[in-house]
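Asker: Right, I'll just put the structure down here and ask away after.
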Amino acid sequence: MGILRHPYFRRLWAADLLSQLGSRLSMSAIPLLAVLTLNASTLQVSLLRTCETAAWLVLGLFAGAWADRIRCRPVLVYADLLRAFLYASIPIAWWFDVLTLTQVYAVLVPAGILTVLFDVAHNSYLPRLLERDRLLPGNAKLAANHSIAAVVGAGASGILVQWLGAALTIGLDALSFLWSAVWLRSIRTPEPEPVKPERPDLRREIAEGMRHVFHHPLLRPLALNTMVTMLFQAAAGAIMVVYLVRAIHLQPATIGVLSMIGLGGAIVASVVTERLSTRYGDVRTLLVSSTGIGVAFTVQAMTAPGWQVSWFVVGTLLAGFCIIVSYILQVSARQRLCPPELQGRVSATMSFVSWGAAPLGSLLGGALGTAFGLHTTLWIAGLGTLAGNAVLYFSPLRTLRAIPAPERPAPAR
């Protein structure tokens, strides 16, 4: 079992597993709720993802500076409890026949804020829980949760939406947040008190995190590549369900089953990433997997009625594999390249750059889909993702085999 023998990491892993599954259910069920129950337009559906991720643009950098000042575990627990309350309001409103698209937007905005706080604290908490040499296997196990949730959740969400309805499926996500809070609350290992600056200066602390990322020759290209990938991934994701329902005429259960088959690549990736990294080097593996993401979204754009629906499965299979490999290696590289006192701010800067592109990408997908059609937009998103890999190949990363771990933070400039 390796890293799972660590008793408190095992609890963090257990908390994450069902929470990830619940989030995947909602990720599919919310746009299906909008399309099938609330009769939303393409642009209105794309706004759902914008509401959910917009908080990264507003709070992402502040959350990182904040996470470096406090213990992170209480943040994780309270964020889970509050998200459970918010998501539970959707099936309750549906039950009383008062659910509107406006309420869904109103739930996603504060839930998105809590997700920002949770994700930044979660990334900062792992290096406080594990030694540096155990970060890669720890991240791999958490990525395996993401993979399992992606596969099971994709299939289960479509079947559950067709069986229970989208609103009740979202209610299961609320229960998953409660599960996560209970497990996180049970972790008893002392979390070290972060070193607080003698004179707190939020602007200066945020600038230190941004400086470390954008002045660093390895972190900068990783951040820019992730930003471009997330922009076009969000554009495609914002309209994919609309395309599959309204252009390909698939039922929710069929969408779920096809997604589940394709996302099997994510599970394979979580198992083999460490082995690939050891054999070929983490940098070379990272470059190939990042390029594979662009290829995968381009293949998805070939999806059309009839047998050409298989391109959706092939593209999703390749995307699931490459995204997880790239994620594990990028997060592990970032944690190795970052000194402990900057973990929260560097994590927040990287998340701000990547997730901050998500609401813009969702709006872009909705606007392009409305103006040029859904199929054309998928092609634009695929080719845009592929082109974004140029920033990696024209950086010092191409000359390395492994990511080095510095002894001290990079000097301020």
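Chains: A, B, ... in order of the structure tokens. Residues: from 1 per chain. Ligands: from 1, in order shown.
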Neighbouring residues of segment 39-51 of chain A were defined as those with any atom within 10 Å, considering only C-alpha atoms; residues of the same chain fewer than 2 positions away were excluded. Please report them as a ChimeraX atom specification.
Answerer: /A:27,30-37,53-55,101,104-113,234-243,356-370,373-374
Asker: Counting only C-alpha atoms, what is within 9 Å of segment 387-389 of chain A, bar same-chain residues fewer than 3 positions away, as a PyMOL selection string?
Answerer: chain A and resi 224-229+287+290-291+294+382-384+392-393
Asker: Can you work out the spacing between atom CA of Arg185 of chain A and atom CA of Ser89 of chain A in Å, to one decimal?
Answerer: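 Spanning atom CA of Arg185 of chain A to atom CA of Ser89 of chain A is a straight-line distance of 23.7 Å.
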Asker: Per residue of segment 155-252 of chain A within 12 Å of segment 321-341 of chain A, record the nearest atom pair and its distance in Å to one decimal, counting only C-alpha atoms, with rows in chain order and ascending residue number, as JSON lines.
Answerer:
```
{"residue": "A:Pro192", "atom": "CA", "partner": "A:Pro340", "partner_atom": "CA", "distance": 11.5}
{"residue": "A:Glu193", "atom": "CA", "partner": "A:Glu341", "partner_atom": "CA", "distance": 11.3}
{"residue": "A:Pro194", "atom": "CA", "partner": "A:Glu341", "partner_atom": "CA", "distance": 7.8}
{"residue": "A:Val195", "atom": "CA", "partner": "A:Glu341", "partner_atom": "CA", "distance": 7.5}
{"residue": "A:Lys196", "atom": "CA", "partner": "A:Glu341", "partner_atom": "CA", "distance": 9.4}
{"residue": "A:Pro197", "atom": "CA", "partner": "A:Glu341", "partner_atom": "CA", "distance": 10.3}
{"residue": "A:Glu205", "atom": "CA", "partner": "A:Glu341", "partner_atom": "CA", "distance": 10.6}
{"residue": "A:Glu208", "atom": "CA", "partner": "A:Glu341", "partner_atom": "CA", "distance": 10.6}
{"residue": "A:Gly209", "atom": "CA", "partner": "A:Cys338", "partner_atom": "CA", "distance": 9.6}
{"residue": "A:Met210", "atom": "CA", "partner": "A:Cys338", "partner_atom": "CA", "distance": 11.9}
{"residue": "A:Arg211", "atom": "CA", "partner": "A:Cys338", "partner_atom": "CA", "distance": 11.8}
{"residue": "A:His212", "atom": "CA", "partner": "A:Cys338", "partner_atom": "CA", "distance": 8.2}
{"residue": "A:Val213", "atom": "CA", "partner": "A:Cys338", "partner_atom": "CA", "distance": 9.0}
{"residue": "A:His216", "atom": "CA", "partner": "A:Leu337", "partner_atom": "CA", "distance": 9.2}
{"residue": "A:Pro217", "atom": "CA", "partner": "A:Leu337", "partner_atom": "CA", "distance": 10.8}
{"residue": "A:Leu218", "atom": "CA", "partner": "A:Leu337", "partner_atom": "CA", "distance": 8.7}
{"residue": "A:Leu219", "atom": "CA", "partner": "A:Arg334", "partner_atom": "CA", "distance": 7.0}
{"residue": "A:Arg220", "atom": "CA", "partner": "A:Arg334", "partner_atom": "CA", "distance": 10.5}
{"residue": "A:Pro221", "atom": "CA", "partner": "A:Gln330", "partner_atom": "CA", "distance": 11.0}
{"residue": "A:Leu222", "atom": "CA", "partner": "A:Gln330", "partner_atom": "CA", "distance": 7.4}
{"residue": "A:Ala223", "atom": "CA", "partner": "A:Gln330", "partner_atom": "CA", "distance": 9.3}
{"residue": "A:Asn225", "atom": "CA", "partner": "A:Gln330", "partner_atom": "CA", "distance": 10.8}
{"residue": "A:Thr226", "atom": "CA", "partner": "A:Gln330", "partner_atom": "CA", "distance": 9.4}
{"residue": "A:Thr229", "atom": "CA", "partner": "A:Ile323", "partner_atom": "CA", "distance": 10.0}
{"residue": "A:Met230", "atom": "CA", "partner": "A:Ile323", "partner_atom": "CA", "distance": 10.8}
{"residue": "A:Gln233", "atom": "CA", "partner": "A:Ile323", "partner_atom": "CA", "distance": 10.8}
```
Asker: Restrict the calculation to only C-alpha atoms, then for each residue of segment 110-138 of chain A with any atom at most 10 Å from an atom of segment 3-18 of chain A give the closest atom pair and their distance in Å to one decimal, rows by chain and rising residue number, as a Markdown table.
Answerer:
```
| residue | atom | partner | partner_atom | distance |
| --- | --- | --- | --- | --- |
| A:His122 | CA | A:Leu12 | CA | 9.6 |
| A:Tyr125 | CA | A:Leu12 | CA | 10.0 |
| A:Leu126 | CA | A:Phe9 | CA | 8.4 |
| A:Leu129 | CA | A:Phe9 | CA | 7.2 |
| A:Leu130 | CA | A:Phe9 | CA | 7.8 |
| A:Arg134 | CA | A:Ile3 | CA | 7.5 |
| A:Leu135 | CA | A:Ile3 | CA | 9.5 |
| A:Leu136 | CA | A:Ile3 | CA | 9.9 |
| A:Pro137 | CA | A:Ile3 | CA | 6.6 |
| A:Gly138 | CA | A:Ile3 | CA | 6.4 |
```
Asker: Identify, on the basis of only C-alpha atoms, every residue whose closest approach to Arg345 of chain A does not exceed 7 Å; exclude the query and any residue fewer than 4 positions from it along the same chain; express the result as a list in words.
Answerer: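 Selected residues are Leu61, Gly64, Ala65, Asp68, Ile206, Gly209 and Thr349 of chain A.
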Asker: Could those residues be written to a file, using N, CA and C atoms, as a short mmCIF file (atom, residue, chain, number, x, y, z; two decimals), in the first residue's frame?
Answerer:
```
data_model
loop_
_atom_site.label_atom_id
_atom_site.label_comp_id
_atom_site.auth_asym_id
_atom_site.auth_seq_id
_atom_site.Cartn_x
_atom_site.Cartn_y
_atom_site.Cartn_z
N LEU A 61 -5.15 34.80 -5.50
CA LEU A 61 -3.87 35.26 -4.96
C LEU A 61 -3.96 35.57 -3.47
N GLY A 64 -3.80 32.40 -1.31
CA GLY A 64 -2.47 31.83 -1.13
C GLY A 64 -1.72 32.50 0.00
N ALA A 65 -1.74 33.84 0.03
CA ALA A 65 -1.06 34.55 1.12
C ALA A 65 -1.70 34.21 2.45
N ASP A 68 -0.65 30.73 3.81
CA ASP A 68 0.70 30.68 4.38
C ASP A 68 0.75 31.20 5.81
N ILE A 206 1.75 38.65 -1.59
CA ILE A 206 1.26 38.16 -2.88
C ILE A 206 2.32 38.36 -3.96
N GLY A 209 4.97 35.66 -3.99
CA GLY A 209 4.55 34.43 -4.64
C GLY A 209 4.57 34.56 -6.15
N THR A 349 -0.73 31.29 -6.83
CA THR A 349 -0.36 31.96 -8.07
C THR A 349 -0.55 31.02 -9.26
#
```
Asker: Separation of atom CA of Gly281 of chain A and atom CA of Leu400 of chain A, in Å?
Answerer: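 Computed distance, atom CA of Gly281 of chain A to atom CA of Leu400 of chain A, equals 8.5 Å.
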Asker: With distances taken over only C-alpha atoms, which residue among A:Val313, A:Ile90, A:Leu76, A:Leu114 lies nearest Leu258 of chain A?
Answerer: A:Val313
Asker: Please compute the atom CA of Ala296 of chain A-atom CA of Val353 of chain A distance, one decimal, in Å.
Answerer: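 The value is 22.1 Å.
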Asker: Segment 321-413 of chain A: which residues are helix (DSSP H, G or I) by DSSP, as a ChimeraX atom specification?
Answerer: /A:321-337,340-355,357-372,374-387,390-393,396-399
Asker: Using only C-alpha atoms, which of A:Leu263, A:Leu317, A:Arg275, A:Trp355 sits nearest Val58 of chain A?
Answerer: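 Closest candidate: A:Trp355.
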Asker: So that I can see what lies close to Leu244 of chain A, please list as a compact mmCIF listing (two decimals) with N, CA and C atoms, in the first residue's frame the residues with an atom at most 10 Å from it, counting only C-alpha atoms and leaving out residues fewer than 2 positions away in the same chain.
Answerer:
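File written: selection23.txt
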```txt
# COMPACT_ATOMS: atom_id res chain seq x y z
N ILE A 239 -19.35 23.78 -23.59
CA ILE A 239 -20.37 23.51 -24.62
C ILE A 239 -20.49 22.04 -24.97
N MET A 240 -19.64 21.18 -24.42
CA MET A 240 -19.62 19.78 -24.84
C MET A 240 -20.95 19.07 -24.56
N VAL A 241 -21.50 19.28 -23.35
CA VAL A 241 -22.77 18.62 -23.03
C VAL A 241 -23.87 19.12 -23.96
N VAL A 242 -23.89 20.42 -24.24
CA VAL A 242 -24.89 20.98 -25.15
C VAL A 242 -24.74 20.34 -26.54
N ARG A 246 -27.78 18.22 -28.01
CA ARG A 246 -28.58 18.88 -29.04
C ARG A 246 -28.12 18.63 -30.47
N ALA A 247 -26.82 18.34 -30.66
CA ALA A 247 -26.33 18.09 -32.02
C ALA A 247 -26.19 16.60 -32.31
N ILE A 248 -25.71 15.82 -31.31
CA ILE A 248 -25.52 14.38 -31.50
C ILE A 248 -26.73 13.60 -31.02
N HIS A 249 -27.61 14.23 -30.23
CA HIS A 249 -28.87 13.65 -29.74
C HIS A 249 -28.64 12.42 -28.86
N LEU A 250 -27.68 12.53 -27.94
CA LEU A 250 -27.42 11.46 -26.99
C LEU A 250 -28.23 11.66 -25.71
N GLN A 251 -28.62 10.55 -25.08
CA GLN A 251 -29.30 10.59 -23.79
C GLN A 251 -28.26 10.74 -22.67
N PRO A 252 -28.67 11.27 -21.50
CA PRO A 252 -27.71 11.43 -20.39
C PRO A 252 -26.97 10.16 -20.03
N THR A 254 -26.24 7.62 -21.94
CA THR A 254 -25.28 7.31 -23.00
C THR A 254 -24.04 8.19 -22.88
N ILE A 255 -24.25 9.47 -22.61
CA ILE A 255 -23.13 10.39 -22.41
C ILE A 255 -22.27 9.90 -21.25
N THR A 303 -15.80 14.54 -33.25
CA THR A 303 -17.04 13.86 -32.88
C THR A 303 -18.20 14.32 -33.75
N ALA A 304 -18.95 13.37 -34.27
CA ALA A 304 -20.11 13.66 -35.13
C ALA A 304 -21.10 12.51 -34.97
N PRO A 305 -22.33 12.64 -35.49
CA PRO A 305 -23.31 11.56 -35.35
C PRO A 305 -22.84 10.25 -35.97
N VAL A 309 -19.07 9.17 -33.24
CA VAL A 309 -19.12 9.39 -31.79
C VAL A 309 -17.93 8.73 -31.11
N PHE A 312 -15.16 10.86 -29.74
CA PHE A 312 -15.33 11.42 -28.39
C PHE A 312 -14.70 10.49 -27.36
N LEU A 374 -21.33 25.11 -32.45
CA LEU A 374 -20.68 24.29 -31.44
C LEU A 374 -19.51 23.49 -32.01
```
Asker: Calculated over only C-alpha atoms, which of the candidates A:Val346, A:Val257, A:Val182, A:Ala269 has the smallest distance to Ala207 of chain A?
Answerer: A:Val346
